[in-house]
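Participant: Supplied in C-alpha cells, the structure appears directly below.
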Amino acid sequence: MSFSVLSLPEIEALVLAVLVENGLDPAQARAVADTVTRAEADGCRSHGLYRVPGYVAALRSGRVNPAARPSVRQVAPALISVDGDGGFAPEAVRCGTQALTDATRRNGIAAMAVGRCHHFSALWADVEPFVAAGLVVWAYVVGQNSVAPHGGTRPLMGTNPLAFGWPRPGAEPFVFDFATSATARGEVELRALAGQDIPAGWALDAAGQPTTDPAAALGGALLPFGGHKGSALSLMVELIAGPLIGELSSQAVAGLGITDGGPPPGGELFIALDPAAFGTGTTQAEDIFAAALSQPGVRLPSERRYRARARSRTAGVEVATTMLRQIGALRARA
C-alpha cells in the first residue's frame, strides 16, 4: 500500500473543500473538518478521513440539513440545551461550549443536552475545550445499534462511547474516550477493509456464535467490554444520552432504515464540574498521577494521542493513496 504525507493544514483544507463542494454550510464544514483533522493528528484513524465519505453520503441523501444553524437555550440556571437543527454534531457542540462553561462557573456544576444532530466524531475532541477551560467534564453519546447485552446474541444498544476529561496544571490533561462495547464499530470496519481478523471476544456472528471475522461481526453483534459491567455502562449511556434528553435510542434509530453510511441521528449529554467551586482545585490529583507513572509500564490513556499529535504537527500524517483517491472523487458529483 502506498502513502502520501499531508500536513495538518492540508488535511483540513481538503476536508473543508469536499464538504463545501457538497453543499455543506461553511461553519458546519469548518467544525467537521476540524474534528477530522484532530483525529488524524492524534492517530485516531477511525474518526479521521475514513469518516469523510459518510459525511458526504449523509449530505447527498438529504438526511442532514446542510444549512443547519444550531441554537442555544438556557432552560435552567445549570442546564443548557442546544438544538442542532438537523446538522452535524461538531458545530452544535461548538455553539454550546461557552454557554456550558459559563453556567458551570456560576453554579459549580452544569449540564448540556445537544439534540437534533448527527454524531460521528471522537468524544475526546468534544471534551477537550472544556478541560482547556479548567473544568472536569463527562460526555456521553448513543452510538450505532450494534451491541448485544451481556448474555444476549442480538444488537440492542449502541457502541455508546463516553469520555472524561480532567485538567492538569502544567501538564497535558487527563482525557479518555472509549466505547462501552469491546471495541468501536469503526475499528471492526477498518479491520474488514484491511482483510484482518478481529480478536476473540469482540463479537458474535448473525447466528449468535463467537467470531473473529470482521464481516461476520458487522452482520452480527459486538459484545460489551467487561461482560456484565460493560453491559450496564452501555445501558446507562443509552438512557442518559437518549430518553433523558429526548433523543432516540440506538434501537429506534436502527428502525429508521438508514443505509447511506453516514452518522446516525442522536444527541449528546455533557456534565461539567468546576474544581474551584469545591475549594481544592486539582493539584492534589497530581500525586495520584505521579504514583501511577512511577510504576514501570504504566501510561495514562491520553499519552499516546499527545505523542502522535506532537509528531503530526511537524512531520504531517501518512494517508493511504487509496483513501486520498476516494476522497478526491467526492469533490465532484457523479
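Each chain in the C-alpha cells gets a letter, A, B, ..., in the order shown, and its residues are numbered from 1; ligands are numbered from 1 in order too.
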Skipping near chain neighbours, those fewer than 6 positions away, what residues fall within 9 Å of A:Leu218 using only C-alpha atoms, listed as a ChimeraX atom specification?

Facilitator: /A:146,185,188-189,192,203-206

Participant: Can you measure atom CA of A:Glu40 to atom CA of A:Ser4 for me? One decimal in Å is fine.

Facilitator: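 According to the coordinates, atom CA of A:Glu40 and atom CA of A:Ser4 are separated by 13.4 Å.
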
Participant: Which residues come within 12 Å of A:Pro243, counting only C-alpha atoms, excluding same-chain residues fewer than 4 positions away, as a list in words?

Facilitator: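 That gives Ala113, Gly115, Val141, Val142, Leu235, Met236, Val237, Glu238, Leu239, Glu247, Leu248, Ser249, Ser250, Gln251, Ala252, Gly266, Gly267, Glu268 and Leu269 of chain A.
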
Participant: Need the shell around A:Arg309: protein/DNA/RNA residues with any atom at most 12 Å away, counting only C-alpha atoms. Skip same-chain ones fewer than 5 positions apart. Format as a ChimeraX atom specification?

Facilitator: /A:7-8,37-44,172,302-304,314-317

Participant: Could the residues in this selection be written to a file with C-alpha atoms, as a PDB file, in the first residue's frame?

Facilitator:
```pdb
ATOM      1  CA  SER A   7       0.357  18.393   6.721  1.00  0.00           C
ATOM      2  CA  LEU A   8      -2.480  19.058   9.144  1.00  0.00           C
ATOM      3  CA  THR A  37      -8.063  16.783  11.257  1.00  0.00           C
ATOM      4  CA  ARG A  38      -7.646  16.457  15.006  1.00  0.00           C
ATOM      5  CA  ALA A  39      -8.440  12.743  14.788  1.00  0.00           C
ATOM      6  CA  GLU A  40      -5.796  12.267  12.086  1.00  0.00           C
ATOM      7  CA  ALA A  41      -3.289  14.292  14.085  1.00  0.00           C
ATOM      8  CA  ASP A  42      -3.808  12.065  17.119  1.00  0.00           C
ATOM      9  CA  GLY A  43      -3.622   8.826  15.142  1.00  0.00           C
ATOM     10  CA  CYS A  44      -7.330   8.072  15.655  1.00  0.00           C
ATOM     11  CA  GLU A 172      -1.371  17.705  29.296  1.00  0.00           C
ATOM     12  CA  SER A 302      -4.190  10.109  26.568  1.00  0.00           C
ATOM     13  CA  GLU A 303      -0.393   9.903  26.326  1.00  0.00           C
ATOM     14  CA  ARG A 304      -0.293   8.032  23.001  1.00  0.00           C
ATOM     15  CA  THR A 314       5.942  18.764  12.481  1.00  0.00           C
ATOM     16  CA  ALA A 315       6.038  15.643  10.290  1.00  0.00           C
ATOM     17  CA  GLY A 316       2.496  15.557   8.939  1.00  0.00           C
ATOM     18  CA  VAL A 317       0.338  12.459   8.608  1.00  0.00           C
TER      19      VAL A 317
END
```

Participant: For the structure I just gave you, how does DSSP split stretch 51-218 of chain A - specifically, which residues are strand (DSSP E or B)? Reply as an MDAnalysis selection string.

Facilitator: chainID A and resid 71:76 79:88 109:118 136:141 145:147 157:158 162:166 174:178 181 203:204 210:211

Participant: For the residues in that selection, give me C-alpha atoms as a JSON list (two decimals), in the first residue's frame.

Facilitator:
```json
[["chain", "number", "residue", "atom", "x", "y", "z"],
["A", 71, "SER", "CA", -29.47, 27.43, 18.63],
["A", 72, "VAL", "CA", -28.51, 27.59, 22.30],
["A", 73, "ARG", "CA", -31.04, 27.97, 25.10],
["A", 74, "GLN", "CA", -30.60, 28.15, 28.87],
["A", 75, "VAL", "CA", -33.52, 26.17, 30.28],
["A", 76, "ALA", "CA", -32.41, 26.39, 33.94],
["A", 79, "LEU", "CA", -28.89, 23.40, 32.26],
["A", 80, "ILE", "CA", -28.11, 24.28, 28.64],
["A", 81, "SER", "CA", -29.98, 22.95, 25.63],
["A", 82, "VAL", "CA", -28.59, 23.03, 22.10],
["A", 83, "ASP", "CA", -30.81, 22.36, 19.09],
["A", 84, "GLY", "CA", -28.56, 21.17, 16.26],
["A", 85, "ASP", "CA", -31.17, 21.98, 13.58],
["A", 86, "GLY", "CA", -30.57, 18.64, 11.87],
["A", 87, "GLY", "CA", -26.90, 19.29, 11.13],
["A", 88, "PHE", "CA", -23.70, 17.57, 12.18],
["A", 109, "ILE", "CA", -21.87, 22.08, 38.12],
["A", 110, "ALA", "CA", -23.90, 22.23, 34.92],
["A", 111, "ALA", "CA", -25.13, 20.01, 32.12],
["A", 112, "MET", "CA", -25.72, 20.47, 28.40],
["A", 113, "ALA", "CA", -28.04, 18.42, 26.22],
["A", 114, "VAL", "CA", -27.29, 18.55, 22.49],
["A", 115, "GLY", "CA", -30.08, 17.27, 20.27],
["A", 116, "ARG", "CA", -31.36, 17.08, 16.71],
["A", 117, "CYS", "CA", -27.92, 16.44, 15.24],
["A", 118, "HIS", "CA", -25.81, 13.65, 13.74],
["A", 136, "VAL", "CA", -13.82, 18.44, 34.80],
["A", 137, "VAL", "CA", -16.22, 17.03, 32.23],
["A", 138, "TRP", "CA", -18.03, 13.92, 31.05],
["A", 139, "ALA", "CA", -19.65, 13.38, 27.65],
["A", 140, "TYR", "CA", -21.96, 10.60, 26.52],
["A", 141, "VAL", "CA", -23.44, 9.73, 23.14],
["A", 145, "ASN", "CA", -27.13, -0.05, 17.25],
["A", 146, "SER", "CA", -24.72, -2.99, 17.10],
["A", 147, "VAL", "CA", -24.06, -4.28, 20.64],
["A", 157, "MET", "CA", -27.55, -0.99, 22.33],
["A", 158, "GLY", "CA", -25.16, 1.34, 20.58],
["A", 162, "LEU", "CA", -18.21, 8.01, 26.97],
["A", 163, "ALA", "CA", -15.43, 10.49, 27.56],
["A", 164, "PHE", "CA", -13.92, 12.05, 30.66],
["A", 165, "GLY", "CA", -11.54, 14.97, 31.00],
["A", 166, "TRP", "CA", -9.52, 16.27, 33.97],
["A", 174, "PHE", "CA", -6.06, 13.51, 31.55],
["A", 175, "VAL", "CA", -8.62, 12.63, 28.88],
["A", 176, "PHE", "CA", -10.04, 9.31, 27.82],
["A", 177, "ASP", "CA", -12.69, 8.26, 25.34],
["A", 178, "PHE", "CA", -13.85, 4.72, 24.75],
["A", 181, "SER", "CA", -18.52, -2.18, 23.59],
["A", 203, "ALA", "CA", -18.19, -10.02, 18.51],
["A", 204, "LEU", "CA", -20.80, -12.61, 17.55],
["A", 210, "PRO", "CA", -18.37, -16.05, 18.57],
["A", 211, "THR", "CA", -16.43, -14.88, 15.52]]
```

Participant: Could you tell me how far atom CA of A:Gly219 lies from atom CA of A:Asp260, in Å and to one decimal?

Facilitator: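 Rounded to one decimal, the two atoms are 16.2 Å apart.
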
Participant: Calculated over only C-alpha atoms, which of the candidates A:Gly220, A:Pro214, A:Pro263, A:Gly143 has the smallest distance to A:Pro90?

Facilitator: A:Pro263

Participant: Kindly provide the residues of stretch 164-235 of chain A that approach stretch 47-62 of chain A to within 12 Å, each paired with its closest atom pair and their distance in Å to one decimal, based on only C-alpha atoms, listed by chain and increasing number, as CSV.

Facilitator:
```
residue,atom,partner,partner_atom,distance
A:Ala184,CA,A:His47,CA,10.3
A:Arg185,CA,A:His47,CA,10.9
A:Gly186,CA,A:His47,CA,7.8
A:Glu187,CA,A:His47,CA,9.5
A:Glu189,CA,A:Tyr50,CA,10.0
A:Leu190,CA,A:Tyr50,CA,8.7
A:Leu193,CA,A:Tyr50,CA,10.9
```

Participant: If we count only C-alpha atoms, what is near A:Arg168 at a cut-off of 9 Å, once residues fewer than 5 positions away on the same chain are taken out, given as a CSV table (one decimal) with all heavy atoms, in the first residue's frame?

Facilitator:
```
chain,number,residue,atom,x,y,z
A,131,VAL,N,-12.0,21.0,29.2
A,131,VAL,CA,-10.8,20.8,30.0
A,131,VAL,C,-9.8,21.9,29.9
A,131,VAL,O,-9.2,22.3,30.9
A,131,VAL,CB,-10.2,19.4,29.7
A,131,VAL,CG1,-9.0,19.1,30.6
A,131,VAL,CG2,-11.2,18.3,29.7
A,134,GLY,N,-10.3,24.5,32.3
A,134,GLY,CA,-10.1,24.2,33.7
A,134,GLY,C,-11.2,23.4,34.3
A,134,GLY,O,-11.3,23.3,35.5
A,173,PRO,N,-3.8,17.5,29.8
A,173,PRO,CA,-4.9,17.0,30.6
A,173,PRO,C,-5.1,15.5,30.5
A,173,PRO,O,-4.6,14.8,29.6
A,173,PRO,CB,-6.1,17.7,30.0
A,173,PRO,CG,-5.7,18.1,28.7
A,173,PRO,CD,-4.2,18.3,28.7
A,174,PHE,N,-5.7,14.9,31.5
A,174,PHE,CA,-6.1,13.5,31.5
A,174,PHE,C,-7.4,13.4,30.8
A,174,PHE,O,-8.4,13.9,31.3
A,174,PHE,CB,-6.2,13.0,33.0
A,174,PHE,CG,-6.6,11.6,33.2
A,174,PHE,CD1,-5.8,10.6,32.9
A,174,PHE,CD2,-7.9,11.4,33.6
A,174,PHE,CE1,-6.3,9.2,33.0
A,174,PHE,CE2,-8.4,10.1,33.8
A,174,PHE,CZ,-7.5,9.0,33.5
A,282,THR,N,-7.3,21.2,41.5
A,282,THR,CA,-6.9,19.8,41.0
A,282,THR,C,-5.5,19.4,41.3
A,282,THR,O,-5.0,18.4,40.9
A,282,THR,CB,-7.1,19.7,39.5
A,282,THR,OG1,-6.3,20.7,38.9
A,282,THR,CG2,-8.6,20.0,39.1
A,283,THR,N,-4.7,20.3,42.1
A,283,THR,CA,-3.3,20.0,42.3
A,283,THR,C,-3.0,18.7,43.1
A,283,THR,O,-2.1,18.0,42.8
A,283,THR,CB,-2.6,21.2,43.0
A,283,THR,OG1,-3.3,21.4,44.2
A,283,THR,CG2,-2.7,22.4,42.1
A,285,ALA,N,-4.5,16.0,42.8
A,285,ALA,CA,-4.6,14.8,41.9
A,285,ALA,C,-3.2,14.5,41.3
A,285,ALA,O,-3.0,13.3,40.9
A,285,ALA,CB,-5.6,15.2,40.7
A,286,GLU,N,-2.3,15.4,41.2
A,286,GLU,CA,-1.0,15.1,40.6
A,286,GLU,C,-0.3,14.1,41.4
A,286,GLU,O,0.5,13.3,40.8
A,286,GLU,CB,-0.2,16.4,40.5
A,286,GLU,CG,-0.7,17.4,39.5
A,286,GLU,CD,-0.9,16.8,38.1
A,286,GLU,OE1,0.1,16.2,37.6
A,286,GLU,OE2,-2.0,16.9,37.6
```

Participant: Taking the DSSP assignment computed from this structure's backbone, write out as a PyMOL selection string all residues of stretch 44-213 of chain A that belong to alpha helix (DSSP H).

Facilitator: chain A and resi 52-60+89-107+123-132+185-194

Participant: Write the residues you've just listed into a file as a compact mmCIF listing (two decimals), in the first residue's frame, and include N, CA and C atoms for each of them.

Facilitator:
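The result, written out as selection_38.txt:
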```txt
# COMPACT_ATOMS: atom_id res chain seq x y z
N VAL A 52 -15.03 10.77 6.17
CA VAL A 52 -15.47 11.79 5.22
C VAL A 52 -16.50 11.25 4.22
N PRO A 53 -16.29 10.08 3.62
CA PRO A 53 -17.33 9.57 2.70
C PRO A 53 -18.70 9.45 3.36
N GLY A 54 -18.74 9.09 4.65
CA GLY A 54 -20.01 9.00 5.35
C GLY A 54 -20.67 10.36 5.52
N TYR A 55 -19.87 11.37 5.85
CA TYR A 55 -20.42 12.72 5.95
C TYR A 55 -21.03 13.15 4.61
N VAL A 56 -20.31 12.89 3.52
CA VAL A 56 -20.79 13.29 2.20
C VAL A 56 -22.04 12.50 1.83
N ALA A 57 -22.05 11.21 2.14
CA ALA A 57 -23.22 10.38 1.82
C ALA A 57 -24.47 10.89 2.53
N ALA A 58 -24.30 11.31 3.80
CA ALA A 58 -25.45 11.83 4.55
C ALA A 58 -25.95 13.14 3.96
N LEU A 59 -25.06 13.93 3.39
CA LEU A 59 -25.46 15.16 2.71
C LEU A 59 -26.18 14.86 1.41
N ARG A 60 -25.62 13.95 0.63
CA ARG A 60 -26.19 13.66 -0.69
C ARG A 60 -27.53 12.95 -0.58
N ALA A 89 -22.96 17.15 14.46
CA ALA A 89 -22.75 17.47 15.86
C ALA A 89 -21.62 18.45 16.15
N PRO A 90 -20.48 18.41 15.44
CA PRO A 90 -19.37 19.28 15.86
C PRO A 90 -19.72 20.76 15.98
N GLU A 91 -20.50 21.29 15.05
CA GLU A 91 -20.86 22.70 15.13
C GLU A 91 -21.86 22.95 16.25
N ALA A 92 -22.78 22.01 16.49
CA ALA A 92 -23.74 22.16 17.57
C ALA A 92 -23.02 22.19 18.92
N VAL A 93 -22.05 21.30 19.09
CA VAL A 93 -21.28 21.29 20.34
C VAL A 93 -20.48 22.57 20.49
N ARG A 94 -19.86 23.01 19.40
CA ARG A 94 -19.07 24.24 19.46
C ARG A 94 -19.93 25.42 19.89
N CYS A 95 -21.14 25.49 19.35
CA CYS A 95 -22.02 26.62 19.67
C CYS A 95 -22.41 26.65 21.14
N GLY A 96 -22.45 25.48 21.79
CA GLY A 96 -22.86 25.45 23.18
C GLY A 96 -21.72 25.48 24.18
N THR A 97 -20.48 25.43 23.70
CA THR A 97 -19.33 25.30 24.60
C THR A 97 -19.22 26.45 25.59
N GLN A 98 -19.32 27.67 25.12
CA GLN A 98 -19.17 28.81 26.02
C GLN A 98 -20.31 28.89 27.01
N ALA A 99 -21.53 28.59 26.56
CA ALA A 99 -22.68 28.65 27.47
C ALA A 99 -22.55 27.64 28.60
N LEU A 100 -22.08 26.42 28.29
CA LEU A 100 -21.90 25.43 29.34
C LEU A 100 -20.76 25.83 30.27
N THR A 101 -19.69 26.35 29.71
CA THR A 101 -18.56 26.79 30.54
C THR A 101 -19.01 27.87 31.52
N ASP A 102 -19.76 28.85 31.02
CA ASP A 102 -20.23 29.94 31.88
C ASP A 102 -21.17 29.43 32.97
N ALA A 103 -22.09 28.53 32.60
CA ALA A 103 -23.04 28.00 33.58
C ALA A 103 -22.32 27.20 34.66
N THR A 104 -21.28 26.49 34.27
CA THR A 104 -20.51 25.70 35.25
C THR A 104 -19.76 26.62 36.20
N ARG A 105 -19.21 27.70 35.68
CA ARG A 105 -18.51 28.66 36.53
C ARG A 105 -19.48 29.28 37.56
N ARG A 106 -20.70 29.57 37.12
CA ARG A 106 -21.66 30.22 38.01
C ARG A 106 -22.19 29.27 39.09
N ASN A 107 -22.38 28.01 38.71
CA ASN A 107 -23.08 27.07 39.59
C ASN A 107 -22.20 25.98 40.19
N LEU A 123 -15.20 11.46 20.89
CA LEU A 123 -15.69 12.24 22.03
C LEU A 123 -14.60 13.03 22.73
N TRP A 124 -13.34 12.57 22.67
CA TRP A 124 -12.29 13.37 23.31
C TRP A 124 -12.21 14.75 22.67
N ALA A 125 -12.52 14.84 21.38
CA ALA A 125 -12.50 16.15 20.71
C ALA A 125 -13.60 17.06 21.26
N ASP A 126 -14.68 16.47 21.73
CA ASP A 126 -15.77 17.27 22.29
C ASP A 126 -15.45 17.78 23.70
N VAL A 127 -14.71 16.99 24.49
CA VAL A 127 -14.48 17.40 25.88
C VAL A 127 -13.24 18.27 26.05
N GLU A 128 -12.28 18.20 25.13
CA GLU A 128 -11.03 18.94 25.32
C GLU A 128 -11.22 20.45 25.51
N PRO A 129 -12.14 21.13 24.80
CA PRO A 129 -12.30 22.57 25.04
C PRO A 129 -12.72 22.90 26.48
N PHE A 130 -13.50 22.04 27.09
CA PHE A 130 -13.92 22.29 28.47
C PHE A 130 -12.77 22.06 29.44
N VAL A 131 -11.98 21.03 29.18
CA VAL A 131 -10.82 20.75 30.03
C VAL A 131 -9.81 21.89 29.91
N ALA A 132 -9.64 22.43 28.69
CA ALA A 132 -8.74 23.55 28.49
C ALA A 132 -9.18 24.77 29.30
N ARG A 185 -17.19 0.20 16.57
CA ARG A 185 -17.60 -0.40 15.30
C ARG A 185 -16.66 0.03 14.18
N GLY A 186 -16.19 1.28 14.23
CA GLY A 186 -15.27 1.76 13.20
C GLY A 186 -13.99 0.95 13.13
N GLU A 187 -13.53 0.46 14.29
CA GLU A 187 -12.32 -0.38 14.31
C GLU A 187 -12.57 -1.70 13.59
N VAL A 188 -13.76 -2.27 13.77
CA VAL A 188 -14.10 -3.51 13.07
C VAL A 188 -14.18 -3.26 11.57
N GLU A 189 -14.75 -2.11 11.19
CA GLU A 189 -14.83 -1.75 9.77
C GLU A 189 -13.44 -1.61 9.15
N LEU A 190 -12.52 -1.00 9.89
CA LEU A 190 -11.15 -0.85 9.38
C LEU A 190 -10.48 -2.20 9.24
N ARG A 191 -10.71 -3.10 10.17
CA ARG A 191 -10.13 -4.46 10.07
C ARG A 191 -10.70 -5.18 8.84
N ALA A 192 -11.99 -4.99 8.59
CA ALA A 192 -12.60 -5.63 7.43
C ALA A 192 -11.98 -5.09 6.14
N LEU A 193 -11.77 -3.80 6.06
CA LEU A 193 -11.16 -3.20 4.87
C LEU A 193 -9.74 -3.70 4.66
N ALA A 194 -9.02 -3.92 5.77
CA ALA A 194 -7.63 -4.37 5.68
C ALA A 194 -7.50 -5.87 5.54
```

Participant: Atom CA of A:Gly262 to atom CA of A:Thr35: how many Å, to one decimal?

Facilitator: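 Separation between atom CA of A:Gly262 and atom CA of A:Thr35: 15.4 Å.
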
Participant: Counting only C-alpha atoms, which of A:Val15, A:Ala310, A:Ile240, A:Ile198 gets nearest to A:Leu324?

Facilitator: A:Val15
